[in-house]
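**Q** Just passing along the structure, written as structure tokens.
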Amino acid sequence: MRPLILSLALLLLAACGGGEPAKVNVGLAAPAFTTQRADGAPVNFPADLAGHPVVLRFWADWCRYCEGEMKAIETVYGRLQPRGLVVLAMNAGQDKATVDAFMGKIGVSYPALLDGDSAIAKRYGVVGLPTTFFIDGQGVVRGKIVGEADAATFEREATALLQ
């Protein structure tokens with residue numbers, strides 16, 4: 001029941017707030033944001049990562065597909081991180097304790113970011129999890145996956161950012 005309630009809350013949050021919902025698609029600039037990593041370090045995107053290709057993945061611990069995909073992403077990240085790829089796992093709507101527990105459970109090396117009130121997810125127009133944005137070094141969205149994707153698809157999109 002908890003996942004259903006959280007899913008509905010995320011969908012309602014994305015739909016509320018007045019005005020047109022965000023439409024962050026391929027070819028558009030990725031919205032700027034400031035948040036914290038789960039370890040407390042501040043993140044100011046895109047300023048802190050200018051010139052680096054970034055994969056921004058929105059997730060939650062109740063997401064049926066997130067755990068397996070995040071483990072698969074770790075494998076790809078291990079191969080592409082030496083070439084400059086940055087992966088950021090943006091948690092949507094959960095507290096730090098929940099994020100820490102989940103990240104410890106799955107054991108990935110890329111950082112988790114906190115978006116406890118889902119304000120960043122809303123700015124990106126996220127309406128379902130997982131949602132992944134592939135952002136080039138100039139801050140332009142070059143790819144977007146809504147929903148489940150396999151490791152090969154993720155690797156193809158991430159590798160294209162490094163070209």
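Identifiers in this document derive from the order of the structure tokens: chains are assigned A, B, ..., residues are numbered from 1 separately in each chain, and ligands are numbered from 1 in order of occurrence.
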Tell me, as an mmCIF file with N, CA and C atoms, in the first residue's frame, which residues lie within 8 Å of Val140 in chain A, counting only C-alpha atoms; anything in the same chain fewer than 2 positions away does not count.

**A**
data_model
loop_
_atom_site.group_PDB
_atom_site.id
_atom_site.type_symbol
_atom_site.label_atom_id
_atom_site.label_comp_id
_atom_site.auth_asym_id
_atom_site.auth_seq_id
_atom_site.Cartn_x
_atom_site.Cartn_y
_atom_site.Cartn_z
ATOM 1 N N VAL A 26 14.641 16.126 -24.889
ATOM 2 C CA VAL A 26 15.890 16.134 -25.635
ATOM 3 C C VAL A 26 16.026 17.451 -26.393
ATOM 4 N N GLY A 27 17.209 18.040 -26.290
ATOM 5 C CA GLY A 27 17.507 19.291 -26.965
ATOM 6 C C GLY A 27 17.312 20.525 -26.103
ATOM 7 N N LEU A 28 16.689 20.377 -24.952
ATOM 8 C CA LEU A 28 16.456 21.506 -24.052
ATOM 9 C C LEU A 28 17.516 21.539 -22.955
ATOM 10 N N ALA A 29 17.709 22.728 -22.382
ATOM 11 C CA ALA A 29 18.637 22.863 -21.260
ATOM 12 C C ALA A 29 18.066 22.163 -20.039
ATOM 13 N N ALA A 30 18.911 21.449 -19.333
ATOM 14 C CA ALA A 30 18.503 20.799 -18.088
ATOM 15 C C ALA A 30 18.327 21.878 -17.019
ATOM 16 N N ILE A 135 22.630 14.186 -19.888
ATOM 17 C CA ILE A 135 22.895 15.614 -20.065
ATOM 18 C C ILE A 135 24.346 15.806 -20.480
ATOM 19 N N ASP A 136 24.561 16.534 -21.572
ATOM 20 C CA ASP A 136 25.932 16.737 -22.048
ATOM 21 C C ASP A 136 26.677 17.758 -21.187
ATOM 22 N N GLY A 137 27.952 17.949 -21.479
ATOM 23 C CA GLY A 137 28.803 18.839 -20.705
ATOM 24 C C GLY A 137 28.417 20.303 -20.765
ATOM 25 N N GLN A 138 27.541 20.668 -21.695
ATOM 26 C CA GLN A 138 27.049 22.040 -21.790
ATOM 27 C C GLN A 138 25.679 22.188 -21.128
ATOM 28 N N ARG A 142 20.409 15.265 -23.821
ATOM 29 C CA ARG A 142 20.669 14.536 -25.071
ATOM 30 C C ARG A 142 19.925 13.213 -25.148
#

**Q** Name the residues in contact with Val146 in chain A at a cut-off of 7 Å, using only C-alpha atoms, excluding same-chain residues fewer than 2 positions from it; report them as a ChimeraX atom specification.

**A** /A:130-132,144,148

**Q** Can you pull out the residues contacting Ile145 in chain A? Cut-off 10 Å, using only C-alpha atoms, and skip same-chain residues under 5 positions away; I want them as a ChimeraX atom specification.

**A** /A:57,129-134,153-154,157

**Q** Take the residues from that selection and put them in a file with C-alpha atoms, as a JSON list (two decimals), in the first residue's frame.

**A**
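Below is the file that was written, out.json:
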[["chain", "number", "residue", "atom", "x", "y", "z"],
["A", 57, "ARG", "CA", 18.42, 9.36, -12.52],
["A", 129, "LEU", "CA", 9.98, 6.37, -11.66],
["A", 130, "PRO", "CA", 12.54, 5.59, -12.74],
["A", 131, "THR", "CA", 13.23, 8.51, -15.08],
["A", 132, "THR", "CA", 16.73, 9.12, -16.40],
["A", 133, "PHE", "CA", 18.15, 12.18, -18.17],
["A", 134, "PHE", "CA", 21.40, 12.11, -20.16],
["A", 153, "THR", "CA", 20.22, 0.86, -23.47],
["A", 154, "PHE", "CA", 21.70, 2.79, -20.55],
["A", 157, "GLU", "CA", 22.86, 6.55, -24.11]]

**Q** So how many Å separate CA of Val141 in chain A and CA of Glu69 in chain A, to one decimal?

**A** 20.4 Å

**Q** Out of range 1-145 of chain A, which residues get helix (DSSP H, G or I) from DSSP, as an MDAnalysis selection string?

**A** chainID A and resid 2:15 47:49 66:83 96:106 119:123

**Q** Counting only C-alpha atoms, which of A:Gly68, A:Gly78, A:Pro111, A:Gly128 gets nearest to Pro42 in chain A?

**A** A:Pro111

**Q** Have a look at CA of Leu113 in chain A and CA of Ala89 in chain A and let me know their distance in Å, one decimal.

**A**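 CA of Leu113 in chain A sits 5.9 Å away from CA of Ala89 in chain A.
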
**Q** Looking at only C-alpha atoms, which of A:Ala22, A:Ala112, A:Thr98, A:Ala32 is the one that sits closest to Gly139 in chain A?

**A**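 Nearest to Gly139 in chain A: A:Ala32.
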
**Q** What lies within 12 Å of Lys71 in chain A using only C-alpha atoms, ignoring chain neighbours under 4 positions off, as a PyMOL selection string?

**A** chain A and resi 65-67+75-78+89+102-110+150-151+154

**Q** Could you go through range 29-71 of chain A and tell me which residues DSSP, when run on the backbone, assigns to strand (DSSP E or B), listing them as JSON, numbers by chain?

**A** {"A": [29, 33, 34, 35, 36, 37, 42, 43, 44, 45, 54, 55, 56, 57, 58, 59]}
